[in-house]
Amino acid sequence: MAGTAITVWAAYHNFGAFNIVIALAIATFKATLVVLYFMHARYSPRRTQLVIVCSVFWLAILLALTLADYRTREQSVSRLASPAISYAA
């Protein structure tokens, strides 16, 4: 309930450029609580905890590669937008 209240409170405040950062921090905190307590990962065997850590690490790799691709797309689009051949007569 407290996590939902914090989410609603943050939604009604303008933090400028930090809106997405704060929203993702709150969501990450709530997801961590769900995994640790409701999915019983906190009291599970070490091998299960290792699988969870490895899956989060793999997710971080995939997100990093996706963001790296996204950052290079703007440069590619700007090169394609300018024609390479001039038709001036």
# chains A, B, ... in the order shown; residues from 1 in each chain; ligands from 1
>>> residues_around(residues="A:Ile6", least_positions_apart="3", cutoff="12 Å", atoms="only C-alpha atoms", output="ChimeraX atom specification")
/A:1-3,9-13,22-23,25-27,29-30
>>> write_last_selection(atoms="N, CA and C atoms", output="compact mmCIF listing (two decimals), in the first residue's frame")
# COMPACT_ATOMS: atom_id res chain seq x y z
N MET A 1 0.83 -1.19 0.00
CA MET A 1 0.00 0.00 0.00
C MET A 1 0.87 1.26 0.00
N ALA A 2 1.96 1.21 0.74
CA ALA A 2 2.85 2.38 0.79
C ALA A 2 3.49 2.63 -0.57
N GLY A 3 3.85 1.56 -1.27
CA GLY A 3 4.43 1.72 -2.61
C GLY A 3 3.45 2.36 -3.58
N TRP A 9 1.70 9.74 -5.29
CA TRP A 9 2.24 11.03 -4.88
C TRP A 9 3.22 11.55 -5.93
N ALA A 10 4.09 10.69 -6.42
CA ALA A 10 5.08 11.11 -7.43
C ALA A 10 4.42 11.47 -8.74
N ALA A 11 3.30 10.85 -9.06
CA ALA A 11 2.61 11.15 -10.32
C ALA A 11 2.01 12.55 -10.33
N TYR A 12 1.67 13.06 -9.16
CA TYR A 12 1.06 14.38 -9.09
C TYR A 12 2.07 15.51 -8.90
N HIS A 13 3.36 15.20 -8.86
CA HIS A 13 4.39 16.22 -8.71
C HIS A 13 5.25 16.26 -9.97
N ILE A 22 12.62 8.97 -11.24
CA ILE A 22 11.91 8.70 -9.98
C ILE A 22 10.87 7.60 -10.17
N ALA A 23 10.16 7.63 -11.28
CA ALA A 23 9.16 6.59 -11.55
C ALA A 23 9.82 5.22 -11.67
N ALA A 25 12.71 4.33 -10.35
CA ALA A 25 13.26 3.95 -9.04
C ALA A 25 12.16 3.37 -8.15
N ILE A 26 11.01 3.98 -8.16
CA ILE A 26 9.88 3.46 -7.37
C ILE A 26 9.45 2.09 -7.89
N ALA A 27 9.37 1.95 -9.21
CA ALA A 27 8.97 0.67 -9.80
C ALA A 27 9.98 -0.43 -9.50
N PHE A 29 12.01 -0.55 -6.89
CA PHE A 29 11.87 -0.88 -5.47
C PHE A 29 10.68 -1.81 -5.23
N LYS A 30 9.55 -1.50 -5.86
CA LYS A 30 8.37 -2.35 -5.67
C LYS A 30 8.57 -3.73 -6.28
>>> residues_around(residues="stretch 51-53 of chain A", least_positions_apart="2", cutoff="12 Å", atoms="only C-alpha atoms", output="list in words")
Thr32, Val35, Leu36, Met39, His40, Ala41, Arg42, Ser44, Pro45, Arg46, Arg47, Thr48, Gln49, Ser55, Val56, Phe57, Trp58, Leu59 and Ala60 of chain A
>>> write_last_selection(atoms="N, CA, C and O atoms", output="PDB file, in the first residue's frame")
ATOM      1  N   THR A  32      11.417  -5.288  -6.597  1.00  0.00           N
ATOM      2  CA  THR A  32      12.341  -6.003  -5.723  1.00  0.00           C
ATOM      3  C   THR A  32      11.616  -6.581  -4.511  1.00  0.00           C
ATOM      4  O   THR A  32      11.863  -7.729  -4.113  1.00  0.00           O
ATOM      5  N   VAL A  35       9.644  -9.667  -5.656  1.00  0.00           N
ATOM      6  CA  VAL A  35      10.490 -10.842  -5.878  1.00  0.00           C
ATOM      7  C   VAL A  35      10.998 -11.408  -4.551  1.00  0.00           C
ATOM      8  O   VAL A  35      10.977 -12.622  -4.331  1.00  0.00           O
ATOM      9  N   LEU A  36      11.447 -10.546  -3.656  1.00  0.00           N
ATOM     10  CA  LEU A  36      12.041 -11.027  -2.416  1.00  0.00           C
ATOM     11  C   LEU A  36      11.038 -11.677  -1.480  1.00  0.00           C
ATOM     12  O   LEU A  36      11.310 -12.730  -0.896  1.00  0.00           O
ATOM     13  N   MET A  39       7.533 -13.775  -3.872  1.00  0.00           N
ATOM     14  CA  MET A  39       8.010 -14.943  -4.617  1.00  0.00           C
ATOM     15  C   MET A  39       8.986 -15.768  -3.779  1.00  0.00           C
ATOM     16  O   MET A  39       9.569 -16.732  -4.269  1.00  0.00           O
ATOM     17  N   HIS A  40       9.168 -15.378  -2.528  1.00  0.00           N
ATOM     18  CA  HIS A  40       9.979 -16.104  -1.549  1.00  0.00           C
ATOM     19  C   HIS A  40      11.431 -16.294  -1.991  1.00  0.00           C
ATOM     20  O   HIS A  40      12.063 -17.295  -1.655  1.00  0.00           O
ATOM     21  N   ALA A  41      11.972 -15.334  -2.728  1.00  0.00           N
ATOM     22  CA  ALA A  41      13.363 -15.447  -3.174  1.00  0.00           C
ATOM     23  C   ALA A  41      14.341 -15.177  -2.040  1.00  0.00           C
ATOM     24  O   ALA A  41      15.469 -15.648  -2.076  1.00  0.00           O
ATOM     25  N   ARG A  42      13.911 -14.435  -1.053  1.00  0.00           N
ATOM     26  CA  ARG A  42      14.818 -14.118   0.061  1.00  0.00           C
ATOM     27  C   ARG A  42      15.194 -15.358   0.858  1.00  0.00           C
ATOM     28  O   ARG A  42      16.323 -15.490   1.314  1.00  0.00           O
ATOM     29  N   SER A  44      14.975 -18.535  -0.316  1.00  0.00           N
ATOM     30  CA  SER A  44      15.153 -19.668  -1.216  1.00  0.00           C
ATOM     31  C   SER A  44      16.616 -20.126  -1.191  1.00  0.00           C
ATOM     32  O   SER A  44      17.489 -19.432  -0.671  1.00  0.00           O
ATOM     33  N   PRO A  45      16.881 -21.296  -1.758  1.00  0.00           N
ATOM     34  CA  PRO A  45      18.271 -21.786  -1.798  1.00  0.00           C
ATOM     35  C   PRO A  45      19.182 -20.855  -2.597  1.00  0.00           C
ATOM     36  O   PRO A  45      18.725 -20.053  -3.411  1.00  0.00           O
ATOM     37  N   ARG A  46      20.477 -20.983  -2.355  1.00  0.00           N
ATOM     38  CA  ARG A  46      21.467 -20.114  -3.010  1.00  0.00           C
ATOM     39  C   ARG A  46      21.434 -20.250  -4.527  1.00  0.00           C
ATOM     40  O   ARG A  46      21.679 -19.288  -5.249  1.00  0.00           O
ATOM     41  N   ARG A  47      21.148 -21.424  -5.030  1.00  0.00           N
ATOM     42  CA  ARG A  47      21.112 -21.623  -6.474  1.00  0.00           C
ATOM     43  C   ARG A  47      19.980 -20.817  -7.100  1.00  0.00           C
ATOM     44  O   ARG A  47      20.158 -20.227  -8.166  1.00  0.00           O
ATOM     45  N   THR A  48      18.847 -20.756  -6.466  1.00  0.00           N
ATOM     46  CA  THR A  48      17.737 -19.954  -6.962  1.00  0.00           C
ATOM     47  C   THR A  48      18.095 -18.476  -6.943  1.00  0.00           C
ATOM     48  O   THR A  48      17.793 -17.745  -7.890  1.00  0.00           O
ATOM     49  N   GLN A  49      18.757 -18.040  -5.891  1.00  0.00           N
ATOM     50  CA  GLN A  49      19.191 -16.643  -5.827  1.00  0.00           C
ATOM     51  C   GLN A  49      20.205 -16.336  -6.915  1.00  0.00           C
ATOM     52  O   GLN A  49      20.188 -15.250  -7.507  1.00  0.00           O
ATOM     53  N   SER A  55      19.753 -13.556 -14.100  1.00  0.00           N
ATOM     54  CA  SER A  55      18.711 -13.067 -15.011  1.00  0.00           C
ATOM     55  C   SER A  55      18.627 -11.543 -14.994  1.00  0.00           C
ATOM     56  O   SER A  55      18.417 -10.916 -16.042  1.00  0.00           O
ATOM     57  N   VAL A  56      18.829 -10.927 -13.847  1.00  0.00           N
ATOM     58  CA  VAL A  56      18.848  -9.461 -13.782  1.00  0.00           C
ATOM     59  C   VAL A  56      20.072  -8.923 -14.524  1.00  0.00           C
ATOM     60  O   VAL A  56      19.994  -7.923 -15.236  1.00  0.00           O
ATOM     61  N   PHE A  57      21.209  -9.592 -14.392  1.00  0.00           N
ATOM     62  CA  PHE A  57      22.414  -9.202 -15.117  1.00  0.00           C
ATOM     63  C   PHE A  57      22.194  -9.313 -16.620  1.00  0.00           C
ATOM     64  O   PHE A  57      22.578  -8.431 -17.389  1.00  0.00           O
ATOM     65  N   TRP A  58      21.565 -10.391 -17.072  1.00  0.00           N
ATOM     66  CA  TRP A  58      21.267 -10.576 -18.489  1.00  0.00           C
ATOM     67  C   TRP A  58      20.304  -9.499 -18.982  1.00  0.00           C
ATOM     68  O   TRP A  58      20.464  -8.978 -20.084  1.00  0.00           O
ATOM     69  N   LEU A  59      19.327  -9.142 -18.180  1.00  0.00           N
ATOM     70  CA  LEU A  59      18.411  -8.065 -18.544  1.00  0.00           C
ATOM     71  C   LEU A  59      19.161  -6.750 -18.695  1.00  0.00           C
ATOM     72  O   LEU A  59      18.904  -5.977 -19.623  1.00  0.00           O
ATOM     73  N   ALA A  60      20.116  -6.491 -17.807  1.00  0.00           N
ATOM     74  CA  ALA A  60      20.919  -5.267 -17.908  1.00  0.00           C
ATOM     75  C   ALA A  60      21.738  -5.250 -19.193  1.00  0.00           C
ATOM     76  O   ALA A  60      21.858  -4.201 -19.848  1.00  0.00           O
TER      77      ALA A  60
END
>>> select_by_dssp(residues="chain A", states="alpha helix (DSSP H)", output="count of residues only")
61
>>> atom_distance(atom1="atom CA of A:Phe15", atom2="atom CA of A:Ile61")
28.3 Å
>>> atom_distance(atom1="atom CA of A:Val21", atom2="atom CA of A:Val34")
19.9 Å
>>> atom_distance(atom1="atom CA of A:Ala31", atom2="atom CA of A:Thr4")
11.9 Å
